[in-house]
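Peer 1: Got a structure for you, written out below as structure tokens; questions coming shortly.
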Amino acid sequence: MIVPPSISEHLVCLGLNYRTTPVEVRERVAFPESKVPDAVQEIRQLPGFEESVVLSTCNRVELYATHSLSDPLQAHDTLVDYLVRRFELPPEQAEALVTYRLRSDEAARHLFRVVSGLDSMVLGETEIFGQVKQAYKVALETGSTGRALNKLFQQAFTVGKKVRHDTTIQRGSTSVGSVAVDLAEKVHDLKQCRVMLVGAGEMSRTCAQSLLSRGAQSIIVSNRSYDRAVELATEMKGRAMKFDEWEHALHEVDVIISSTSAPHFVIKPELIDQVMRKRRWDPLLIIDIAVPRDVDPAVNEIEGVYLYDIDALQAIADDGRRERERQLSACERIIEDHLEKYGFTNPASPLAASSHVAV
């Protein structure tokens with residue numbers, strides 16, 4: 001099956017992501033999930049446009065479309081104008097909007113890389129595959145795709161599956177949050193897991209979100225600022241605890257994530273020894289992501305306790321990242337072979353160097 005030249009020649013992608021655009025601008029042009037069906041139809045109604053798919057996540061907004069215009073540059077300009085009008089961007093934000101403008105084989109290659117997790121903040125992450133499938137499903141159900149984009153996205157899903165099946169690009173955690181989840185899964189059944197946050201820093205919040213997303217049962221938050229503890233506990237659908245009470249509840253939890261700003265150890269061996277006796281030595285995972293450290297390293301010598309500090313977590317994450325990077329060339333070969341097989345035969349070009357254009 002060869003893709004007719006007309007499909008590739010009239011394919012364009014306009015996008016912005018975590019590399020090109022700061023979050024304060026990205027959030028202004030993010031499409032709420034409920035508005036994506038309207039957006040794909042609005043793009044189809046632009047002069048000269050035929051099909052469209054809108055991908056909008058926390059890290060990227062990408063518009064894929066086919067058109068009948070004689071000049072692809074005009075197609076890109078039209079999509080930029082659409083974003084500016086759609087989100088009523090003031091002149092200073094419109095000028096700060098940095099996009100990548102891709103067409104033909106560049107647009108197809110980019111989509112294949114996105115679906116395969118090669119363009120993600122975390123190399124090889126799997127969540128983006130489902131996000132692209134959902135974006136395509138919405139466009140399909142609204143009648144905003146046709147022969148060209150249907151084939152393109154189906155091919156992209158085939159490539160994404162092959163990359164994940166034939167390589168180890170997704171193996172090994174590459175972030176502190178995902179490492180924490182992997183460690184917790186080795187110690188506990190996450191569906192029964194209870195978590196306490198001692199301190200409410202951003203990294204502990206990220207770890208807790210990762211644990212919750214994988215099934216952790218409940219979250220207790222304790223922080224010197226009780227209002228901040230209440231705010232984060234509400235976000236996590238958990239409960240807040242005053243800072244002078246958290247020690248009395250440690251025996252209730254299976255995972256402790258500590259990130260206070262204390263200049264000394266706040267979790268000491270004598271405290272954890274008492275906790276473990278109350279737990280009847282049921283395993284306890286302690287993740288210390290504070291600098292300076294919150295947990296006395298001697299705690300790790302207590303039976304049933306598994307202690308990891310930020311350096312240990314980062315070392316595990318770095319190992320996972322290096323392994324994924326070794327697999328990158330194999331993934332790129334799969335993508336290039338597929339592009340050639342299906343008629344996108346132009347040589348690869350460095351997208352970051354040639355295709356990111358300031359508006």
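Chain labels run A, B, ... following the order of the structure tokens; each chain numbers its residues from 1, and ligands are numbered from 1 in the order shown.
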Give me the residues near region 138-155 of chain A as a list in words, where near means some atom within 7 Å (using only C-alpha atoms) and where sequence neighbours in that chain fewer than 6 positions away do not count.
Peer 2: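 Skipping anything fewer than 6 positions along the chain leaves Ile7, Pro37, Val40, Gln41, Arg44, Glu51, Ser52 and Val53 of chain A.
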Peer 1: Quick one: contact table of region 51-77 of chain A to region 21-36 of chain A, 12 Å max, nearest atom pair and distance in Å to one decimal per residue, counting only C-alpha atoms, chain and number order, as JSON lines?
Peer 2:
{"residue": "A:Ser52", "atom": "CA", "partner": "A:Val36", "partner_atom": "CA", "distance": 10.8}
{"residue": "A:Val53", "atom": "CA", "partner": "A:Val36", "partner_atom": "CA", "distance": 8.9}
{"residue": "A:Val54", "atom": "CA", "partner": "A:Val36", "partner_atom": "CA", "distance": 6.7}
{"residue": "A:Leu55", "atom": "CA", "partner": "A:Val36", "partner_atom": "CA", "distance": 8.4}
{"residue": "A:Ser56", "atom": "CA", "partner": "A:Phe31", "partner_atom": "CA", "distance": 5.9}
{"residue": "A:Thr57", "atom": "CA", "partner": "A:Ala30", "partner_atom": "CA", "distance": 7.3}
{"residue": "A:Cys58", "atom": "CA", "partner": "A:Ala30", "partner_atom": "CA", "distance": 7.7}
{"residue": "A:Asn59", "atom": "CA", "partner": "A:Arg26", "partner_atom": "CA", "distance": 7.8}
{"residue": "A:Arg60", "atom": "CA", "partner": "A:Arg26", "partner_atom": "CA", "distance": 7.4}
{"residue": "A:Val61", "atom": "CA", "partner": "A:Ala30", "partner_atom": "CA", "distance": 6.4}
{"residue": "A:Glu62", "atom": "CA", "partner": "A:Ala30", "partner_atom": "CA", "distance": 9.7}
{"residue": "A:Leu63", "atom": "CA", "partner": "A:Val36", "partner_atom": "CA", "distance": 10.8}
Peer 1: Name the residues in contact with region 187-192 of chain A at a cut-off of 7 Å, using only C-alpha atoms, excluding same-chain residues fewer than 5 positions from it; report them as JSON, numbers by chain.
Peer 2: {"A": [214, 215, 216, 217, 283]}
Peer 1: Include all heavy atoms and write out the residues we just selected as a compact mmCIF listing (two decimals), in the first residue's frame.
Peer 2:
# COMPACT_ATOMS: atom_id res chain seq x y z
N ARG A 214 -1.50 5.17 39.72
CA ARG A 214 -1.30 3.73 39.60
C ARG A 214 -2.07 2.95 40.67
O ARG A 214 -1.84 1.76 40.85
CB ARG A 214 0.19 3.42 39.69
CG ARG A 214 1.02 4.04 38.57
CD ARG A 214 1.08 3.22 37.31
NE ARG A 214 1.98 2.12 37.47
CZ ARG A 214 3.29 2.17 37.25
NH1 ARG A 214 3.83 3.32 36.88
NH2 ARG A 214 4.05 1.12 37.42
N GLY A 215 -2.98 3.64 41.39
CA GLY A 215 -3.89 2.90 42.25
C GLY A 215 -3.73 3.06 43.74
O GLY A 215 -4.43 2.40 44.51
N ALA A 216 -2.80 3.92 44.21
CA ALA A 216 -2.64 4.10 45.65
C ALA A 216 -3.99 4.49 46.27
O ALA A 216 -4.75 5.26 45.70
CB ALA A 216 -1.60 5.16 45.95
N GLN A 217 -4.26 3.94 47.45
CA GLN A 217 -5.59 4.03 48.04
C GLN A 217 -5.91 5.40 48.63
O GLN A 217 -7.00 5.91 48.46
CB GLN A 217 -5.73 2.96 49.13
CG GLN A 217 -7.15 2.72 49.61
CD GLN A 217 -8.00 2.00 48.59
OE1 GLN A 217 -7.49 1.55 47.57
NE2 GLN A 217 -9.29 1.92 48.83
N PRO A 283 6.21 -4.20 55.80
CA PRO A 283 7.16 -3.35 55.07
C PRO A 283 6.73 -1.89 54.97
O PRO A 283 5.55 -1.58 54.78
CB PRO A 283 7.23 -3.99 53.68
CG PRO A 283 6.90 -5.42 53.92
CD PRO A 283 5.86 -5.40 55.02
Peer 1: List the spatial neighbours of Ser213 (chain A) as a list in words - criterion: any atom at most 10 Å away, only C-alpha atoms, same-chain residues fewer than 5 positions off excluded.
Peer 2: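 Once the nearby chain positions are removed, what remains is Val181, Leu190, Cys207 and Ala208 of chain A.
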Peer 1: Filtering to N, CA, C and O atoms, could you give me those residues as a PDB file, in the first residue's frame?
Peer 2:
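Below is the file that was written, again15.pdb:
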ATOM      1  N   VAL A 181       7.123   5.183  42.111  1.00  0.00           N
ATOM      2  CA  VAL A 181       6.009   4.262  41.862  1.00  0.00           C
ATOM      3  C   VAL A 181       6.520   2.837  41.678  1.00  0.00           C
ATOM      4  O   VAL A 181       5.972   1.883  42.241  1.00  0.00           O
ATOM      5  N   LEU A 190      -0.319  -1.637  45.194  1.00  0.00           N
ATOM      6  CA  LEU A 190      -0.691  -0.225  45.198  1.00  0.00           C
ATOM      7  C   LEU A 190      -2.182  -0.003  45.441  1.00  0.00           C
ATOM      8  O   LEU A 190      -2.585   1.046  45.945  1.00  0.00           O
ATOM      9  N   CYS A 207       5.409  12.843  43.047  1.00  0.00           N
ATOM     10  CA  CYS A 207       5.483  11.433  43.437  1.00  0.00           C
ATOM     11  C   CYS A 207       4.116  10.916  43.854  1.00  0.00           C
ATOM     12  O   CYS A 207       3.705   9.809  43.473  1.00  0.00           O
ATOM     13  N   ALA A 208       3.407  11.705  44.655  1.00  0.00           N
ATOM     14  CA  ALA A 208       2.088  11.288  45.132  1.00  0.00           C
ATOM     15  C   ALA A 208       1.114  11.139  43.966  1.00  0.00           C
ATOM     16  O   ALA A 208       0.310  10.187  43.932  1.00  0.00           O
TER      17      ALA A 208
END
Peer 1: Give me, as CSV, the closest atom pair and its distance (Å, one decimal) for every residue of region 143-238 of chain A within a cut-off of 9 Å of region 289-310 of chain A, counting only C-alpha atoms, rows sorted by chain and rising number.
Peer 2:
residue,atom,partner,partner_atom,distance
A:Val176,CA,A:Ile310,CA,7.9
A:Ala180,CA,A:Tyr308,CA,8.9
A:Val187,CA,A:Tyr306,CA,8.5
A:Gly201,CA,A:Ala290,CA,8.9
A:Met203,CA,A:Ile289,CA,7.5
A:Ser204,CA,A:Ile289,CA,7.3
Peer 1: Dump N, CA, C and O atoms for the selected residues as a PDB file, in the first residue's frame?
Peer 2:
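So out01.pdb came out as:
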ATOM      1  N   VAL A 176      11.976  10.864  38.841  1.00  0.00           N
ATOM      2  CA  VAL A 176      11.926  10.523  40.256  1.00  0.00           C
ATOM      3  C   VAL A 176      10.540   9.998  40.635  1.00  0.00           C
ATOM      4  O   VAL A 176      10.408   9.034  41.375  1.00  0.00           O
ATOM      5  N   ALA A 180       9.703   6.249  42.084  1.00  0.00           N
ATOM      6  CA  ALA A 180       9.008   6.052  43.351  1.00  0.00           C
ATOM      7  C   ALA A 180       7.854   5.071  43.203  1.00  0.00           C
ATOM      8  O   ALA A 180       7.635   4.203  44.058  1.00  0.00           O
ATOM      9  N   VAL A 187       7.187  -3.225  46.762  1.00  0.00           N
ATOM     10  CA  VAL A 187       7.017  -3.437  48.199  1.00  0.00           C
ATOM     11  C   VAL A 187       5.557  -3.700  48.560  1.00  0.00           C
ATOM     12  O   VAL A 187       5.264  -4.482  49.465  1.00  0.00           O
ATOM     13  N   GLY A 201       6.123  19.859  49.157  1.00  0.00           N
ATOM     14  CA  GLY A 201       6.894  20.389  48.045  1.00  0.00           C
ATOM     15  C   GLY A 201       6.422  19.847  46.713  1.00  0.00           C
ATOM     16  O   GLY A 201       5.680  18.861  46.639  1.00  0.00           O
ATOM     17  N   MET A 203       8.039  18.258  44.315  1.00  0.00           N
ATOM     18  CA  MET A 203       8.471  16.920  43.939  1.00  0.00           C
ATOM     19  C   MET A 203       7.689  15.845  44.688  1.00  0.00           C
ATOM     20  O   MET A 203       7.343  14.801  44.132  1.00  0.00           O
ATOM     21  N   SER A 204       7.380  16.087  45.970  1.00  0.00           N
ATOM     22  CA  SER A 204       6.581  15.113  46.709  1.00  0.00           C
ATOM     23  C   SER A 204       5.179  15.043  46.125  1.00  0.00           C
ATOM     24  O   SER A 204       4.570  13.975  46.051  1.00  0.00           O
TER      25      SER A 204
END
Peer 1: If we count only C-alpha atoms, what is near region 318-333 of chain A at a cut-off of 9 Å, once residues fewer than 5 positions away on the same chain are taken out, given as a PDB file with N, CA and C atoms, in the first residue's frame?
Peer 2:
ATOM      1  N   ARG A 113       6.985   9.966  15.525  1.00  0.00           N
ATOM      2  CA  ARG A 113       7.857  10.107  16.697  1.00  0.00           C
ATOM      3  C   ARG A 113       7.040  10.414  17.954  1.00  0.00           C
ATOM      4  N   SER A 116       5.283   7.330  19.182  1.00  0.00           N
ATOM      5  CA  SER A 116       6.257   6.364  19.703  1.00  0.00           C
ATOM      6  C   SER A 116       6.888   6.817  21.016  1.00  0.00           C
ATOM      7  N   LEU A 118       8.960   9.360  21.357  1.00  0.00           N
ATOM      8  CA  LEU A 118      10.311   9.870  21.131  1.00  0.00           C
ATOM      9  C   LEU A 118      10.391  11.390  21.220  1.00  0.00           C
ATOM     10  N   VAL A 122       9.556  12.789  28.837  1.00  0.00           N
ATOM     11  CA  VAL A 122      10.148  11.542  29.325  1.00  0.00           C
ATOM     12  C   VAL A 122      10.258  10.596  28.134  1.00  0.00           C
ATOM     13  N   LEU A 123      11.466  10.347  27.666  1.00  0.00           N
ATOM     14  CA  LEU A 123      11.692   9.551  26.463  1.00  0.00           C
ATOM     15  C   LEU A 123      11.050   8.170  26.598  1.00  0.00           C
ATOM     16  N   GLY A 124      10.204   7.828  25.617  1.00  0.00           N
ATOM     17  CA  GLY A 124       9.584   6.512  25.603  1.00  0.00           C
ATOM     18  C   GLY A 124       8.317   6.390  26.410  1.00  0.00           C
ATOM     19  N   LYS A 162       4.930  -1.012  16.931  1.00  0.00           N
ATOM     20  CA  LYS A 162       6.144  -1.731  16.525  1.00  0.00           C
ATOM     21  C   LYS A 162       7.354  -1.240  17.324  1.00  0.00           C
ATOM     22  N   VAL A 163       7.440   0.079  17.531  1.00  0.00           N
ATOM     23  CA  VAL A 163       8.545   0.636  18.318  1.00  0.00           C
ATOM     24  C   VAL A 163       8.534   0.038  19.723  1.00  0.00           C
ATOM     25  N   ARG A 164       7.380  -0.035  20.329  1.00  0.00           N
ATOM     26  CA  ARG A 164       7.296  -0.550  21.694  1.00  0.00           C
ATOM     27  C   ARG A 164       7.511  -2.055  21.749  1.00  0.00           C
ATOM     28  N   ASP A 166       9.326  -3.939  19.416  1.00  0.00           N
ATOM     29  CA  ASP A 166      10.626  -4.377  18.902  1.00  0.00           C
ATOM     30  C   ASP A 166      11.818  -3.744  19.616  1.00  0.00           C
ATOM     31  N   THR A 167      11.577  -2.759  20.489  1.00  0.00           N
ATOM     32  CA  THR A 167      12.673  -2.123  21.220  1.00  0.00           C
ATOM     33  C   THR A 167      12.336  -2.098  22.713  1.00  0.00           C
ATOM     34  N   THR A 168      13.296  -1.644  23.504  1.00  0.00           N
ATOM     35  CA  THR A 168      13.062  -1.517  24.952  1.00  0.00           C
ATOM     36  C   THR A 168      13.009  -0.048  25.357  1.00  0.00           C
ATOM     37  N   ILE A 169      12.520   0.801  24.438  1.00  0.00           N
ATOM     38  CA  ILE A 169      12.526   2.242  24.665  1.00  0.00           C
ATOM     39  C   ILE A 169      11.706   2.644  25.891  1.00  0.00           C
ATOM     40  N   GLN A 170      10.681   1.879  26.250  1.00  0.00           N
ATOM     41  CA  GLN A 170       9.830   2.278  27.366  1.00  0.00           C
ATOM     42  C   GLN A 170      10.227   1.628  28.690  1.00  0.00           C
ATOM     43  N   ARG A 171      11.253   0.801  28.667  1.00  0.00           N
ATOM     44  CA  ARG A 171      11.644   0.120  29.898  1.00  0.00           C
ATOM     45  C   ARG A 171      12.551   1.006  30.744  1.00  0.00           C
ATOM     46  N   GLY A 172      12.385   0.925  32.037  1.00  0.00           N
ATOM     47  CA  GLY A 172      13.228   1.697  32.946  1.00  0.00           C
ATOM     48  C   GLY A 172      12.653   3.066  33.228  1.00  0.00           C
ATOM     49  N   SER A 173      12.432   3.374  34.475  1.00  0.00           N
ATOM     50  CA  SER A 173      11.858   4.665  34.849  1.00  0.00           C
ATOM     51  C   SER A 173      12.879   5.775  34.654  1.00  0.00           C
ATOM     52  N   THR A 174      12.396   6.943  34.194  1.00  0.00           N
ATOM     53  CA  THR A 174      13.310   8.036  33.885  1.00  0.00           C
ATOM     54  C   THR A 174      13.016   9.304  34.680  1.00  0.00           C
ATOM     55  N   SER A 175      12.101   9.245  35.617  1.00  0.00           N
ATOM     56  CA  SER A 175      11.820  10.400  36.471  1.00  0.00           C
ATOM     57  C   SER A 175      11.744   9.937  37.916  1.00  0.00           C
ATOM     58  N   LEU A 313      17.258   7.755  44.070  1.00  0.00           N
ATOM     59  CA  LEU A 313      16.188   7.808  43.074  1.00  0.00           C
ATOM     60  C   LEU A 313      16.708   8.330  41.739  1.00  0.00           C
ATOM     61  N   HIS A 338       9.351   2.805   7.812  1.00  0.00           N
ATOM     62  CA  HIS A 338       7.917   2.904   7.569  1.00  0.00           C
ATOM     63  C   HIS A 338       7.593   4.077   6.655  1.00  0.00           C
TER      64      HIS A 338
END
Peer 1: Find the residues near His10 (chain A): any atom within 12 Å, counting only C-alpha atoms, skip ones fewer than 6 places away on the same chain, and give them as a list in words.
Peer 2: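 Surrounding residues, per the criterion: Pro4, Gly48, Phe49, Glu50, Glu51, Ser52, Tyr64, Ala65, Thr66, His67, Ser68, Leu69, Ser70, Asp71, Pro72, Leu73, Gln74, Ala75, His76, Leu102, Arg103, Ser104, Asp105, Glu106, Ala107, Ala108, Ala148 and Leu149 of chain A.
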Peer 1: With N, CA and C atoms kept, could you save the residues just selected as an mmCIF file, in the first residue's frame?
Peer 2:
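The resulting file, result.cif, is reproduced below:
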data_model
loop_
_atom_site.group_PDB
_atom_site.id
_atom_site.type_symbol
_atom_site.label_atom_id
_atom_site.label_comp_id
_atom_site.auth_asym_id
_atom_site.auth_seq_id
_atom_site.Cartn_x
_atom_site.Cartn_y
_atom_site.Cartn_z
ATOM 1 N N PRO A 4 -0.593 7.910 -1.880
ATOM 2 C CA PRO A 4 -0.485 8.756 -3.066
ATOM 3 C C PRO A 4 0.231 10.059 -2.738
ATOM 4 N N GLY A 48 -9.789 26.483 2.147
ATOM 5 C CA GLY A 48 -8.812 25.576 1.568
ATOM 6 C C GLY A 48 -8.496 24.359 2.417
ATOM 7 N N PHE A 49 -9.083 24.224 3.592
ATOM 8 C CA PHE A 49 -8.786 23.085 4.464
ATOM 9 C C PHE A 49 -9.820 21.980 4.291
ATOM 10 N N GLU A 50 -9.363 20.741 4.485
ATOM 11 C CA GLU A 50 -10.216 19.592 4.191
ATOM 12 C C GLU A 50 -10.403 18.655 5.379
ATOM 13 N N GLU A 51 -9.306 18.271 6.050
ATOM 14 C CA GLU A 51 -9.371 17.338 7.175
ATOM 15 C C GLU A 51 -8.564 17.906 8.337
ATOM 16 N N SER A 52 -8.896 17.475 9.552
ATOM 17 C CA SER A 52 -8.138 17.992 10.693
ATOM 18 C C SER A 52 -8.219 17.066 11.901
ATOM 19 N N TYR A 64 -3.052 18.935 13.028
ATOM 20 C CA TYR A 64 -2.747 18.196 11.804
ATOM 21 C C TYR A 64 -3.893 18.445 10.828
ATOM 22 N N ALA A 65 -3.539 18.730 9.567
ATOM 23 C CA ALA A 65 -4.585 19.048 8.598
ATOM 24 C C ALA A 65 -4.119 18.741 7.183
ATOM 25 N N THR A 66 -5.097 18.572 6.307
ATOM 26 C CA THR A 66 -4.813 18.537 4.872
ATOM 27 C C THR A 66 -5.511 19.737 4.247
ATOM 28 N N HIS A 67 -4.961 20.192 3.119
ATOM 29 C CA HIS A 67 -5.482 21.408 2.494
ATOM 30 C C HIS A 67 -5.332 21.300 0.984
ATOM 31 N N SER A 68 -5.993 22.197 0.281
ATOM 32 C CA SER A 68 -5.893 22.241 -1.188
ATOM 33 C C SER A 68 -5.220 23.529 -1.662
ATOM 34 N N LEU A 69 -4.567 24.223 -0.747
ATOM 35 C CA LEU A 69 -3.891 25.473 -1.089
ATOM 36 C C LEU A 69 -2.623 25.187 -1.902
ATOM 37 N N SER A 70 -2.246 26.120 -2.751
ATOM 38 C CA SER A 70 -1.053 25.915 -3.573
ATOM 39 C C SER A 70 0.228 26.147 -2.773
ATOM 40 N N ASP A 71 0.129 26.869 -1.665
ATOM 41 C CA ASP A 71 1.312 27.215 -0.873
ATOM 42 C C ASP A 71 1.153 26.707 0.561
ATOM 43 N N PRO A 72 1.962 25.719 0.986
ATOM 44 C CA PRO A 72 1.854 25.227 2.366
ATOM 45 C C PRO A 72 2.172 26.289 3.405
ATOM 46 N N LEU A 73 2.990 27.297 3.043
ATOM 47 C CA LEU A 73 3.270 28.378 3.983
ATOM 48 C C LEU A 73 2.002 29.138 4.328
ATOM 49 N N GLN A 74 1.135 29.277 3.336
ATOM 50 C CA GLN A 74 -0.152 29.934 3.572
ATOM 51 C C GLN A 74 -1.011 29.105 4.523
ATOM 52 N N ALA A 75 -0.925 27.785 4.392
ATOM 53 C CA ALA A 75 -1.681 26.905 5.285
ATOM 54 C C ALA A 75 -1.218 27.084 6.723
ATOM 55 N N HIS A 76 0.086 27.132 6.916
ATOM 56 C CA HIS A 76 0.614 27.328 8.264
ATOM 57 C C HIS A 76 0.194 28.689 8.826
ATOM 58 N N LEU A 102 5.451 22.085 10.018
ATOM 59 C CA LEU A 102 5.906 20.897 9.293
ATOM 60 C C LEU A 102 4.932 20.569 8.171
ATOM 61 N N ARG A 103 5.469 19.979 7.113
ATOM 62 C CA ARG A 103 4.603 19.557 6.016
ATOM 63 C C ARG A 103 5.139 18.271 5.412
ATOM 64 N N SER A 104 4.280 17.600 4.688
ATOM 65 C CA SER A 104 4.646 16.403 3.942
ATOM 66 C C SER A 104 5.307 15.372 4.857
ATOM 67 N N ASP A 105 6.479 14.865 4.427
ATOM 68 C CA ASP A 105 7.129 13.800 5.192
ATOM 69 C C ASP A 105 7.562 14.278 6.573
ATOM 70 N N GLU A 106 7.889 15.568 6.733
ATOM 71 C CA GLU A 106 8.277 16.072 8.048
ATOM 72 C C GLU A 106 7.118 15.942 9.035
ATOM 73 N N ALA A 107 5.899 16.267 8.589
ATOM 74 C CA ALA A 107 4.728 16.172 9.454
ATOM 75 C C ALA A 107 4.441 14.721 9.815
ATOM 76 N N ALA A 108 4.559 13.823 8.825
ATOM 77 C CA ALA A 108 4.330 12.399 9.095
ATOM 78 C C ALA A 108 5.381 11.851 10.056
ATOM 79 N N ALA A 148 -7.020 10.699 3.815
ATOM 80 C CA ALA A 148 -5.615 11.017 4.069
ATOM 81 C C ALA A 148 -5.253 10.873 5.541
ATOM 82 N N LEU A 149 -5.956 11.572 6.418
ATOM 83 C CA LEU A 149 -5.600 11.515 7.833
ATOM 84 C C LEU A 149 -5.955 10.180 8.461
#
Peer 1: Step one, run DSSP on the backbone; step two, keep only residues of region 75-237 of chain A assigned to strand (DSSP E or B); then write them as JSON, numbers by chain.
Peer 2: {"A": [98, 99, 100, 101, 102, 103, 194, 195, 196, 197, 198, 218, 219, 220, 221, 222, 223]}
Peer 1: Could those selected residues go to a file with all heavy atoms, as a short mmCIF file (atom, residue, chain, number, x, y, z; two decimals), in the first residue's frame?
Peer 2:
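Now in part_36.cif:
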data_model
loop_
_atom_site.label_atom_id
_atom_site.label_comp_id
_atom_site.auth_asym_id
_atom_site.auth_seq_id
_atom_site.Cartn_x
_atom_site.Cartn_y
_atom_site.Cartn_z
N VAL A 98 5.74 30.55 19.76
CA VAL A 98 6.73 29.92 18.91
C VAL A 98 6.20 28.56 18.46
O VAL A 98 5.82 27.73 19.29
CB VAL A 98 8.08 29.74 19.65
CG1 VAL A 98 9.09 29.03 18.76
CG2 VAL A 98 8.62 31.09 20.09
N THR A 99 6.13 28.34 17.16
CA THR A 99 5.55 27.11 16.63
C THR A 99 6.53 26.38 15.74
O THR A 99 7.47 26.96 15.21
CB THR A 99 4.28 27.42 15.81
OG1 THR A 99 4.63 28.22 14.69
CG2 THR A 99 3.24 28.14 16.67
N TYR A 100 6.30 25.07 15.57
CA TYR A 100 7.00 24.33 14.53
C TYR A 100 6.01 24.09 13.41
O TYR A 100 4.85 23.75 13.63
CB TYR A 100 7.62 23.03 15.04
CG TYR A 100 6.86 22.26 16.07
CD1 TYR A 100 6.00 21.22 15.72
CD2 TYR A 100 7.02 22.55 17.41
CE1 TYR A 100 5.33 20.48 16.68
CE2 TYR A 100 6.35 21.83 18.39
CZ TYR A 100 5.50 20.80 18.02
OH TYR A 100 4.82 20.09 18.98
N ARG A 101 6.49 24.33 12.18
CA ARG A 101 5.63 24.27 10.99
C ARG A 101 6.16 23.17 10.08
O ARG A 101 7.21 23.32 9.46
CB ARG A 101 5.63 25.63 10.27
CG ARG A 101 5.25 26.78 11.19
CD ARG A 101 5.31 28.10 10.47
NE ARG A 101 4.94 29.21 11.34
CZ ARG A 101 4.53 30.39 10.90
NH1 ARG A 101 4.44 30.62 9.60
NH2 ARG A 101 4.22 31.34 11.75
N LEU A 102 5.45 22.08 10.02
CA LEU A 102 5.91 20.90 9.29
C LEU A 102 4.93 20.57 8.17
O LEU A 102 3.74 20.82 8.27
CB LEU A 102 6.01 19.70 10.25
CG LEU A 102 6.70 19.97 11.59
CD1 LEU A 102 6.60 18.75 12.49
CD2 LEU A 102 8.15 20.35 11.37
N ARG A 103 5.47 19.98 7.11
CA ARG A 103 4.60 19.56 6.02
C ARG A 103 5.14 18.27 5.41
O ARG A 103 6.29 17.90 5.61
CB ARG A 103 4.50 20.64 4.95
CG ARG A 103 5.81 21.00 4.25
CD ARG A 103 5.62 22.22 3.36
NE ARG A 103 6.85 22.63 2.69
CZ ARG A 103 7.22 22.24 1.47
NH1 ARG A 103 6.46 21.39 0.80
NH2 ARG A 103 8.35 22.68 0.95
N ARG A 194 -1.33 3.03 51.23
CA ARG A 194 -1.63 4.32 51.86
C ARG A 194 -0.34 5.14 51.93
O ARG A 194 0.71 4.61 52.27
CB ARG A 194 -2.20 4.10 53.26
CG ARG A 194 -3.52 3.32 53.26
CD ARG A 194 -3.75 2.66 54.60
NE ARG A 194 -2.70 1.67 54.87
CZ ARG A 194 -2.63 0.96 56.00
NH1 ARG A 194 -3.52 1.13 56.94
NH2 ARG A 194 -1.65 0.10 56.17
N VAL A 195 -0.45 6.43 51.61
CA VAL A 195 0.73 7.28 51.45
C VAL A 195 0.62 8.50 52.36
O VAL A 195 -0.46 9.08 52.51
CB VAL A 195 0.86 7.76 49.99
CG1 VAL A 195 2.12 8.61 49.81
CG2 VAL A 195 0.87 6.57 49.02
N MET A 196 1.76 8.88 52.98
CA MET A 196 1.82 10.13 53.73
C MET A 196 2.86 11.05 53.13
O MET A 196 3.99 10.63 52.87
CB MET A 196 2.15 9.90 55.20
CG MET A 196 2.32 11.22 55.98
SD MET A 196 2.70 11.01 57.73
CE MET A 196 1.09 10.62 58.36
N LEU A 197 2.48 12.31 52.91
CA LEU A 197 3.43 13.34 52.50
C LEU A 197 3.77 14.17 53.73
O LEU A 197 2.89 14.79 54.34
CB LEU A 197 2.81 14.26 51.44
CG LEU A 197 2.29 13.65 50.14
CD1 LEU A 197 1.84 14.76 49.20
CD2 LEU A 197 3.36 12.80 49.48
N VAL A 198 5.05 14.18 54.08
CA VAL A 198 5.52 15.04 55.15
C VAL A 198 6.21 16.22 54.49
O VAL A 198 7.31 16.09 53.96
CB VAL A 198 6.50 14.30 56.10
CG1 VAL A 198 6.92 15.22 57.24
CG2 VAL A 198 5.85 13.03 56.65
N SER A 218 -4.97 5.97 49.37
CA SER A 218 -5.27 7.22 50.05
C SER A 218 -3.99 8.01 50.31
O SER A 218 -2.89 7.45 50.33
CB SER A 218 -5.98 6.95 51.38
OG SER A 218 -5.13 6.23 52.26
N ILE A 219 -4.15 9.32 50.51
CA ILE A 219 -3.03 10.22 50.76
C ILE A 219 -3.31 11.03 52.03
O ILE A 219 -4.40 11.58 52.19
CB ILE A 219 -2.83 11.20 49.59
CG1 ILE A 219 -2.48 10.46 48.30
CG2 ILE A 219 -1.76 12.24 49.93
CD1 ILE A 219 -1.05 10.02 48.19
N ILE A 220 -2.33 11.08 52.91
CA ILE A 220 -2.37 11.99 54.06
C ILE A 220 -1.29 13.04 53.84
O ILE A 220 -0.16 12.70 53.49
CB ILE A 220 -2.10 11.25 55.39
CG1 ILE A 220 -3.15 10.16 55.62
CG2 ILE A 220 -2.07 12.22 56.56
CD1 ILE A 220 -2.83 9.27 56.83
N VAL A 221 -1.64 14.31 54.02
CA VAL A 221 -0.69 15.40 53.81
C VAL A 221 -0.50 16.16 55.11
O VAL A 221 -1.47 16.60 55.73
CB VAL A 221 -1.17 16.38 52.72
CG1 VAL A 221 -0.12 17.47 52.49
CG2 VAL A 221 -1.47 15.65 51.42
N SER A 222 0.77 16.32 55.52
CA SER A 222 1.07 17.13 56.69
C SER A 222 2.14 18.14 56.30
O SER A 222 3.14 17.79 55.69
CB SER A 222 1.57 16.26 57.84
OG SER A 222 1.79 17.04 59.00
N ASN A 223 1.91 19.40 56.66
CA ASN A 223 2.83 20.47 56.28
C ASN A 223 2.82 21.54 57.37
O ASN A 223 1.83 21.70 58.09
CB ASN A 223 2.38 21.08 54.94
CG ASN A 223 3.42 21.98 54.34
OD1 ASN A 223 4.55 21.56 54.10
ND2 ASN A 223 3.06 23.24 54.10
#
Peer 1: Could you tell me how far CA of Leu16 (chain A) sits from CA of Asp77 (chain A), in Å to one decimal place?
Peer 2: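 Straight-line distance from CA of Asp77 (chain A) to CA of Leu16 (chain A) works out to 14.1 Å.
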Peer 1: Using only C-alpha atoms, which protein or nucleic acid residues come within 12 Å of Glu235 (chain A)? Drop anything in the same chain fewer than 3 positions from it, and give the result as number ranges by chain.
Peer 2: A: 200, 205-206, 208-209, 212, 218-221, 228-232, 238-240
